$ cat work14.cif   # mmCIF, C-alpha atoms
data_start
loop_
_atom_site.label_atom_id
_atom_site.label_comp_id
_atom_site.auth_asym_id
_atom_site.auth_seq_id
_atom_site.Cartn_x
_atom_site.Cartn_y
_atom_site.Cartn_z
CA MET N 1126 25.16 -37.85 -13.61
CA GLN N 1127 26.49 -35.31 -11.11
CA PRO N 1128 27.02 -31.73 -12.34
CA LEU N 1129 30.66 -30.59 -12.50
CA HIS N 1130 31.80 -28.04 -9.93
CA PHE N 1131 33.42 -25.29 -11.98
CA LYS N 1132 35.68 -22.50 -10.71
CA VAL N 1133 35.34 -19.19 -12.51
CA PRO N 1134 38.85 -17.76 -13.04
CA LYS N 1135 38.95 -14.34 -11.38
CA LEU N 1136 41.74 -11.95 -10.40
CA GLU N 1137 42.10 -11.21 -6.69
CA GLU N 1138 41.33 -7.52 -7.23
CA GLU N 1139 38.19 -8.24 -9.27
CA THR N 1140 34.73 -7.98 -7.73
CA ILE N 1141 33.12 -8.53 -11.12
CA ARG N 1142 34.40 -10.78 -13.89
CA VAL N 1143 33.32 -9.96 -17.46
CA GLU N 1144 34.03 -12.52 -20.18
CA CYS N 1145 33.43 -12.26 -23.93
CA TRP N 1146 32.98 -15.74 -25.38
CA ASP N 1147 33.70 -16.50 -29.04
CA LEU N 1148 33.59 -20.28 -29.23
CA ASP N 1149 32.64 -23.25 -31.36
CA ASN N 1150 30.35 -24.43 -28.56
CA PHE N 1151 29.42 -23.21 -25.10
CA PHE N 1152 31.10 -24.83 -22.10
CA GLU N 1153 30.20 -28.48 -21.43
CA PRO N 1154 29.13 -30.48 -19.43
CA ILE N 1155 26.39 -29.52 -16.96
CA HIS N 1156 28.14 -27.53 -14.24
CA TYR N 1157 27.68 -25.13 -11.36
CA HIS N 1158 29.76 -22.47 -9.67
CA GLU N 1159 29.58 -20.22 -6.63
CA GLU N 1160 29.32 -17.06 -8.73
CA PHE N 1161 26.08 -15.46 -9.90
CA GLN N 1162 26.03 -15.37 -13.72
CA ILE N 1163 24.39 -13.02 -16.24
CA SER N 1164 24.73 -14.09 -19.89
CA LEU N 1165 23.77 -12.23 -23.05
CA ILE N 1166 23.68 -14.50 -26.11
CA LEU N 1167 25.30 -12.70 -29.05
CA GLU N 1168 25.22 -15.65 -31.42
CA GLY N 1169 24.03 -19.25 -31.21
CA GLU N 1170 20.89 -21.17 -30.35
CA GLY N 1171 19.97 -24.35 -28.58
CA SER N 1172 18.69 -25.52 -25.20
CA LEU N 1173 19.50 -24.15 -21.77
CA PHE N 1174 19.32 -26.84 -19.09
CA VAL N 1175 18.74 -25.36 -15.61
CA ALA N 1176 18.42 -27.84 -12.73
CA GLU N 1177 15.37 -29.95 -13.68
CA SER N 1178 14.12 -27.65 -16.46
CA VAL N 1179 15.00 -26.93 -20.08
CA VAL N 1180 14.22 -23.86 -22.20
CA PRO N 1181 15.34 -22.79 -25.66
CA PHE N 1182 17.85 -19.96 -26.05
CA LYS N 1183 18.71 -17.82 -29.06
CA LYS N 1184 20.50 -14.64 -30.11
CA ASN N 1185 19.89 -11.49 -28.00
CA GLU N 1186 18.33 -13.34 -25.05
CA ILE N 1187 19.59 -12.70 -21.51
CA PHE N 1188 19.65 -15.13 -18.59
CA LEU N 1189 20.38 -14.86 -14.86
CA LEU N 1190 21.72 -17.93 -13.05
CA GLY N 1191 22.06 -17.92 -9.27
CA LYS N 1192 24.76 -19.32 -7.03
CA ASN N 1193 25.45 -23.07 -7.37
CA LEU N 1194 22.64 -23.58 -9.90
CA PRO N 1195 23.41 -26.53 -12.26
CA HIS N 1196 23.18 -25.41 -15.89
CA VAL N 1197 24.56 -25.73 -19.39
CA PHE N 1198 23.98 -23.86 -22.67
CA ARG N 1199 23.86 -26.70 -25.22
CA ASN N 1200 24.17 -25.68 -28.85
CA LYS N 1201 21.63 -26.81 -31.41
CA HIS N 1202 24.33 -27.33 -34.04
CA VAL N 1203 27.42 -28.73 -32.33
CA ASN N 1204 30.76 -28.15 -34.01
CA PHE N 1205 33.73 -29.98 -32.52
CA GLY N 1206 35.92 -29.54 -35.58
CA GLY N 1207 37.50 -26.35 -34.30
CA ALA N 1208 37.44 -24.69 -37.73
CA GLY N 1209 35.08 -22.42 -39.59
CA HIS N 1210 32.50 -19.94 -38.33
CA LYS N 1211 32.12 -19.79 -34.56
CA LYS N 1212 28.60 -20.67 -33.43
CA SER N 1213 28.65 -19.50 -29.82
CA LYS N 1214 29.19 -15.90 -28.78
CA ALA N 1215 28.14 -14.27 -25.52
CA VAL N 1216 28.97 -11.66 -22.91
CA SER N 1217 28.87 -13.16 -19.42
CA VAL N 1218 29.20 -11.40 -16.07
CA PHE N 1219 30.19 -13.25 -12.89
CA PHE N 1220 30.15 -11.96 -9.31
CA ASN N 1221 29.91 -13.22 -5.75
CA GLN N 1222 26.26 -12.65 -4.87
CA ASP N 1223 26.87 -12.89 -1.12
CA VAL N 1224 29.49 -10.13 -1.23
CA LEU N 1225 27.17 -7.91 -3.28
CA LYS N 1226 24.14 -8.52 -1.03
CA ASN N 1227 26.18 -7.82 2.11
CA SER N 1228 27.42 -4.55 0.61
CA LEU N 1229 23.79 -3.51 0.05
CA ASN N 1230 22.43 -4.50 3.46
CA GLU N 1231 22.38 -0.94 4.79
CA ILE N 1232 20.80 0.50 1.64
CA PRO N 1233 16.97 0.24 1.80
CA GLU N 1234 16.67 1.37 -1.82
CA ALA N 1235 18.48 -1.83 -2.89
CA TYR N 1236 15.74 -4.13 -1.55
CA SER N 1237 14.50 -5.18 -5.00
CA ILE N 1238 18.05 -6.00 -6.16
CA LYS N 1239 18.57 -8.32 -3.20
CA ARG N 1240 15.21 -10.01 -3.88
CA LEU N 1241 16.17 -10.48 -7.54
CA ILE N 1242 19.44 -12.14 -6.53
CA ASP N 1243 17.55 -14.51 -4.22
CA PHE N 1244 15.04 -15.50 -6.92
CA ALA N 1245 17.79 -16.20 -9.48
CA ILE N 1246 18.30 -19.59 -7.79
CA TYR N 1247 15.45 -20.69 -10.09
CA GLY N 1248 17.06 -19.23 -13.21
CA VAL N 1249 15.59 -16.12 -14.84
CA LYS N 1250 15.05 -15.16 -18.47
CA ILE N 1251 14.81 -11.42 -19.08
CA SER N 1252 11.57 -10.37 -20.76
CA ASP N 1253 11.44 -8.95 -24.28
CA LYS N 1254 10.25 -5.67 -22.78
CA ILE N 1255 13.68 -4.75 -21.34
CA GLU N 1256 15.93 -7.04 -23.41
CA GLU N 1257 17.32 -4.29 -25.65
CA GLU N 1258 17.97 -1.88 -22.76
CA ILE N 1259 19.86 -4.49 -20.73
CA SER N 1260 21.72 -5.73 -23.80
CA ILE N 1261 23.17 -2.26 -24.43
CA LYS N 1262 24.33 -2.01 -20.81
CA LEU N 1263 25.92 -5.49 -20.85
CA ARG N 1264 27.75 -4.85 -24.12
CA ALA N 1265 29.29 -1.74 -22.58
CA LEU N 1266 30.72 -3.48 -19.49
CA PRO N 1267 33.90 -4.96 -21.09
CA GLU N 1268 35.14 -1.44 -21.90
CA LYS N 1269 34.67 -0.12 -18.36
CA ASN N 1270 37.24 -0.07 -15.56
CA SER N 1271 36.71 -2.09 -12.36
CA PHE N 1272 34.68 0.48 -10.38
CA GLU N 1273 32.63 1.49 -13.43
CA ARG N 1274 31.78 -2.19 -13.90
CA PHE N 1275 30.51 -2.33 -10.32
CA LEU N 1276 28.28 0.70 -10.87
CA GLY N 1277 27.18 -0.69 -14.23
CA LEU N 1278 26.23 -4.01 -12.64
CA LEU N 1279 24.10 -2.27 -10.00
CA ASP N 1280 22.36 -0.32 -12.76
CA ILE N 1281 21.67 -3.52 -14.71
CA LEU N 1282 20.30 -5.37 -11.68
CA GLN N 1283 18.11 -2.42 -10.68
CA CYS N 1284 16.62 -2.21 -14.18
CA ILE N 1285 15.89 -5.95 -14.20
CA SER N 1286 14.38 -5.89 -10.70
CA ARG N 1287 11.75 -3.36 -11.81
CA ASP N 1288 10.47 -5.64 -14.58
CA ASN N 1289 7.10 -7.28 -13.85
CA ASN N 1290 7.46 -9.84 -16.64
CA LEU N 1291 10.48 -11.89 -15.63
CA ASN N 1292 10.34 -15.53 -16.72
CA PHE N 1293 11.44 -18.06 -14.10
CA ILE N 1294 13.00 -21.10 -15.75
CA SER N 1295 12.55 -23.68 -13.00
CA SER N 1296 8.90 -24.57 -12.51
CA LEU N 1297 9.73 -25.67 -8.98
CA GLY N 1298 10.60 -22.08 -8.23
CA VAL N 1299 8.15 -19.31 -7.41
CA PRO N 1300 7.19 -17.36 -10.55
CA ILE N 1301 6.40 -14.18 -8.62
CA HIS N 1302 4.74 -11.42 -10.66
CA SER N 1303 7.30 -8.87 -9.46
CA VAL N 1304 10.35 -9.22 -7.26
CA GLN N 1305 9.11 -6.14 -5.42
CA GLU N 1306 5.81 -7.73 -4.35
CA ASN N 1307 4.71 -10.05 -1.57
CA LEU N 1308 1.57 -11.92 -2.59
CA PRO N 1309 0.34 -14.15 0.26
CA LYS N 1310 -2.58 -15.72 -1.62
CA ILE N 1311 -0.71 -16.86 -4.67
CA ASN N 1312 2.35 -17.84 -2.67
CA LEU N 1313 0.07 -20.11 -0.60
CA VAL N 1314 -1.06 -21.80 -3.83
CA PHE N 1315 2.52 -22.14 -5.11
CA GLU N 1316 3.58 -23.76 -1.85
CA TYR N 1317 0.64 -26.16 -1.88
CA ILE N 1318 1.31 -27.22 -5.49
CA ARG N 1319 5.01 -27.81 -4.82
CA ASN N 1320 4.15 -30.03 -1.84
CA HIS N 1321 1.20 -31.93 -3.37
CA PHE N 1322 1.77 -32.03 -7.17
CA SER N 1323 1.89 -35.84 -7.12
CA GLU N 1324 -1.70 -35.95 -5.81
CA ARG N 1325 -5.01 -35.17 -7.50
CA ILE N 1326 -5.51 -31.38 -7.44
CA THR N 1327 -8.66 -29.62 -8.64
CA LEU N 1328 -9.35 -25.99 -9.48
CA LYS N 1329 -12.24 -25.98 -6.97
CA GLN N 1330 -9.89 -27.19 -4.26
CA VAL N 1331 -7.25 -24.45 -4.70
CA SER N 1332 -9.76 -21.64 -5.27
CA GLU N 1333 -11.49 -22.49 -1.99
CA MET N 1334 -8.08 -22.44 -0.30
CA VAL N 1335 -7.83 -18.69 -1.01
CA ASN N 1336 -11.56 -17.97 -0.60
CA MET N 1337 -12.24 -17.20 -4.25
CA SER N 1338 -14.59 -18.57 -6.88
CA PRO N 1339 -12.92 -20.75 -9.56
CA THR N 1340 -13.52 -18.06 -12.21
CA ALA N 1341 -12.12 -15.24 -10.07
CA PHE N 1342 -9.17 -17.37 -9.03
CA CYS N 1343 -8.28 -18.19 -12.65
CA ARG N 1344 -8.26 -14.50 -13.56
CA TYR N 1345 -6.21 -13.64 -10.47
CA PHE N 1346 -3.68 -16.42 -11.05
CA LYS N 1347 -3.18 -15.52 -14.71
CA TYR N 1348 -2.68 -11.85 -13.88
CA LYS N 1349 -0.18 -12.49 -11.11
CA SER N 1350 1.82 -15.36 -12.64
CA GLN N 1351 1.45 -14.66 -16.38
CA LYS N 1352 0.23 -18.23 -16.96
CA THR N 1353 -2.90 -20.27 -16.35
CA PHE N 1354 -3.26 -22.38 -13.24
CA SER N 1355 -3.50 -25.59 -15.29
CA ARG N 1356 -0.30 -24.70 -17.16
CA PHE N 1357 1.55 -24.00 -13.92
CA LEU N 1358 0.48 -27.34 -12.48
CA ILE N 1359 1.63 -29.12 -15.65
CA GLU N 1360 5.01 -27.37 -15.53
CA VAL N 1361 5.60 -28.29 -11.88
CA ARG N 1362 4.76 -31.93 -12.56
CA ILE N 1363 6.96 -32.09 -15.65
CA ALA N 1364 9.78 -30.35 -13.76
CA ASN N 1365 9.63 -33.16 -11.19
CA ALA N 1366 9.69 -35.76 -13.98
CA CYS N 1367 12.76 -34.04 -15.45
CA ARG N 1368 14.46 -34.15 -12.06
CA LEU N 1369 13.85 -37.91 -11.84
CA LEU N 1370 15.08 -38.49 -15.39
CA TYR N 1371 18.15 -36.44 -14.55
CA GLN N 1372 18.98 -38.87 -11.75
CA ASP N 1373 19.14 -41.68 -14.34
CA ASP N 1374 17.65 -44.34 -12.07
CA PHE N 1375 13.93 -43.92 -12.86
CA ASN N 1376 12.23 -45.22 -15.99
CA THR N 1377 9.59 -43.23 -17.88
CA SER N 1378 6.64 -44.96 -16.20
CA GLU N 1379 8.01 -44.30 -12.73
CA CYS N 1380 8.57 -40.65 -13.62
CA CYS N 1381 5.01 -40.42 -14.94
CA TYR N 1382 3.25 -41.86 -11.89
CA SER N 1383 5.54 -40.11 -9.39
CA SER N 1384 4.70 -36.76 -10.94
CA GLY N 1385 0.93 -36.87 -10.54
CA TYR N 1386 -0.04 -38.54 -13.83
CA ASN N 1387 -2.04 -41.75 -14.16
CA ASN N 1388 -1.87 -41.86 -17.95
CA LEU N 1389 1.35 -42.33 -19.93
CA SER N 1390 -0.11 -40.81 -23.09
CA ASN N 1391 -1.11 -37.64 -21.27
CA PHE N 1392 2.28 -37.51 -19.58
CA HIS N 1393 4.14 -37.76 -22.91
CA LYS N 1394 1.95 -35.04 -24.43
CA HIS N 1395 2.56 -32.63 -21.54
CA PHE N 1396 6.27 -33.45 -21.35
CA LYS N 1397 6.71 -32.60 -25.04
CA SER N 1398 4.70 -29.37 -24.69
CA VAL N 1399 6.90 -28.15 -21.80
CA THR N 1400 10.37 -29.29 -22.85
CA GLY N 1401 10.03 -29.69 -26.61
CA MET N 1402 11.37 -33.24 -26.24
CA THR N 1403 10.14 -36.70 -25.38
CA PRO N 1404 11.27 -38.09 -22.00
CA LEU N 1405 13.83 -40.32 -23.77
CA GLU N 1406 15.18 -37.39 -25.79
CA TYR N 1407 15.45 -35.33 -22.63
CA ARG N 1408 17.38 -38.05 -20.82
CA ASN N 1409 19.73 -38.55 -23.78
CA ASN N 1410 20.39 -34.80 -23.93
CA ILE N 1411 20.80 -34.22 -20.21
CA LEU N 1412 23.22 -37.12 -19.82
CA LYS N 1413 25.25 -36.22 -22.89
CA LYS N 1414 28.90 -35.65 -22.06
CA THR N 1415 31.55 -33.88 -24.06
CA SER N 1416 34.91 -35.59 -24.02
CA VAL N 1417 37.74 -33.50 -22.60
CA GLN N 1418 40.58 -33.05 -25.04
#

$ encode --input "work14.cif" --output "structure tokens"
Amino acid sequence: MQPLHFKVPKLEEETIRVECWDLDNFFEPIHYHEEFQISLILEGEGSLFVAESVVPFKKNEIFLLGKNLPHVFRNKHVNFGGAGHKKSKAVSVFFNQDVLKNSLNEIPEAYSIKRLIDFAIYGVKISDKIEEEISIKLRALPEKNSFERFLGLLDILQCISRDNNLNFISSLGVPIHSVQENLPKINLVFEYIRNHFSERITLKQVSEMVNMSPTAFCRYFKYKSQKTFSRFLIEVRIANACRLLYQDDFNTSECCYSSGYNNLSNFHKHFKSVTGMTPLEYRNNILKKTSVQ
């Protein structure tokens, strides 16, 4: 199934579009758009599908979605009746990331904002540490005029870019410890894993790659990526399996063996631990379509 190309309605004089959603269900089906998106969930819960990955979402969580990134917020309790209590409320901000980055090119102090925008191609979940602060700023945007919204957006992005605990949704992305850092050793490991995840990879092998003992490497990797090396490898492999399932022309066994597993039981166990679903459940959810009335 191909994601739907969606056009965000925006006035000609608007640099930033702020929308307050009060819906029965979030917008279906899986779609993408040219605008960068920041969404604060005010009410509702379910699964956020981003490219090949899936993560749960709930009230008060905040997500960043980069340009042309396929995604959909899919409600846990779907209500197509059109009556009763609305289940899906959010504040969402849309802007052209290329226009914003170009406007900041001559401002050295904006370096971390531009890096954050680049990394949002993998989808970003804001950490609990700054969630409340960013939520207050996002809730205030609808009441601001156009220029105040622009200044407010810069403030929001700057606050987020200073956070060292951002959660990258796509495991095929680079879960960098901080958008302000450049970490050659761990980036070398990330690149190797992304290129060789379908092969046998050992801890000894990757630790030697960066001239560290296995024990020292494990400590280093956990500190810099906020997850263990084994968990990162699992997530990259399952992300690839999700991508193949998304294409709808690979069966479960093919997804398993093409993702670096030689054991279906182990594959199913890891798939469920990462996505919260079985491979079949994932495929059924990702291919689900909502009829257009």

$ closest_residue --input "work14.cif" --among "N:Tyr1348, N:Tyr1407, N:Tyr1236, N:Phe1198" --to "Ile1363 of chain N" --atoms "only C-alpha atoms"
N:Tyr1407

$ atom_distance --input "work14.cif" --atom1 "atom CA of Val1143 of chain N" --atom2 "atom CA of Lys1254 of chain N"
24.1 Å

$ closest_residue --input "work14.cif" --among "N:Phe1342, N:Phe1357, N:Phe1220, N:Tyr1317" --to "Lys1329 of chain N" --atoms "only C-alpha atoms"
N:Phe1342

$ resolve_selection --input "work14.cif" --expression "the PyMOL selection byres ((chain N and resi 1313) around 12)" --output "count of residues only"
22

$ atom_distance --input "work14.cif" --atom1 "atom CA of Arg1142 of chain N" --atom2 "atom CA of Phe1219 of chain N"
5.0 Å

$ resolve_selection --input "work14.cif" --expression "the PyMOL selection byres ((chain N and resi 1159) around 6)" --output "MDAnalysis selection string"
chainID N and resid 1158 1160 1192:1193

$ build_atoms --input "work14.cif" --residues "segment 1177-1190 of chain N" --atoms "N, CA, C and O atoms" --output "short mmCIF file (atom, residue, chain, number, x, y, z; two decimals), in the frame of the given file"
data_model
loop_
_atom_site.label_atom_id
_atom_site.label_comp_id
_atom_site.auth_asym_id
_atom_site.auth_seq_id
_atom_site.Cartn_x
_atom_site.Cartn_y
_atom_site.Cartn_z
N GLU N 1177 16.24 -28.92 -13.11
CA GLU N 1177 15.37 -29.95 -13.68
C GLU N 1177 14.63 -29.46 -14.93
O GLU N 1177 13.85 -30.20 -15.51
N SER N 1178 14.89 -28.24 -15.37
CA SER N 1178 14.12 -27.65 -16.46
C SER N 1178 14.98 -27.43 -17.70
O SER N 1178 16.21 -27.41 -17.63
N VAL N 1179 14.31 -27.22 -18.83
CA VAL N 1179 15.00 -26.93 -20.08
C VAL N 1179 14.18 -25.90 -20.85
O VAL N 1179 12.96 -26.01 -20.94
N VAL N 1180 14.86 -24.89 -21.38
CA VAL N 1180 14.22 -23.86 -22.20
C VAL N 1180 15.11 -23.58 -23.41
O VAL N 1180 16.32 -23.77 -23.34
N PRO N 1181 14.52 -23.15 -24.51
CA PRO N 1181 15.34 -22.79 -25.66
C PRO N 1181 16.05 -21.46 -25.43
O PRO N 1181 15.58 -20.62 -24.66
N PHE N 1182 17.20 -21.28 -26.06
CA PHE N 1182 17.85 -19.96 -26.05
C PHE N 1182 18.24 -19.60 -27.48
O PHE N 1182 18.45 -20.46 -28.32
N LYS N 1183 18.32 -18.30 -27.74
CA LYS N 1183 18.71 -17.82 -29.06
C LYS N 1183 19.37 -16.45 -28.94
O LYS N 1183 19.45 -15.88 -27.84
N LYS N 1184 19.80 -15.92 -30.05
CA LYS N 1184 20.50 -14.64 -30.11
C LYS N 1184 19.70 -13.53 -29.44
O LYS N 1184 18.48 -13.45 -29.59
N ASN N 1185 20.41 -12.69 -28.68
CA ASN N 1185 19.89 -11.49 -28.00
C ASN N 1185 19.16 -11.78 -26.69
O ASN N 1185 18.74 -10.84 -26.02
N GLU N 1186 19.00 -13.04 -26.31
CA GLU N 1186 18.33 -13.34 -25.05
C GLU N 1186 19.31 -13.24 -23.89
O GLU N 1186 20.52 -13.45 -24.04
N ILE N 1187 18.77 -12.93 -22.70
CA ILE N 1187 19.59 -12.70 -21.51
C ILE N 1187 19.08 -13.56 -20.37
O ILE N 1187 17.87 -13.63 -20.12
N PHE N 1188 20.01 -14.21 -19.66
CA PHE N 1188 19.65 -15.13 -18.59
C PHE N 1188 20.42 -14.81 -17.31
O PHE N 1188 21.59 -14.42 -17.36
N LEU N 1189 19.76 -14.99 -16.18
CA LEU N 1189 20.38 -14.86 -14.86
C LEU N 1189 20.39 -16.23 -14.21
O LEU N 1189 19.36 -16.92 -14.17
N LEU N 1190 21.55 -16.62 -13.68
CA LEU N 1190 21.72 -17.93 -13.05
C LEU N 1190 22.34 -17.73 -11.67
O LEU N 1190 23.45 -17.21 -11.56
#
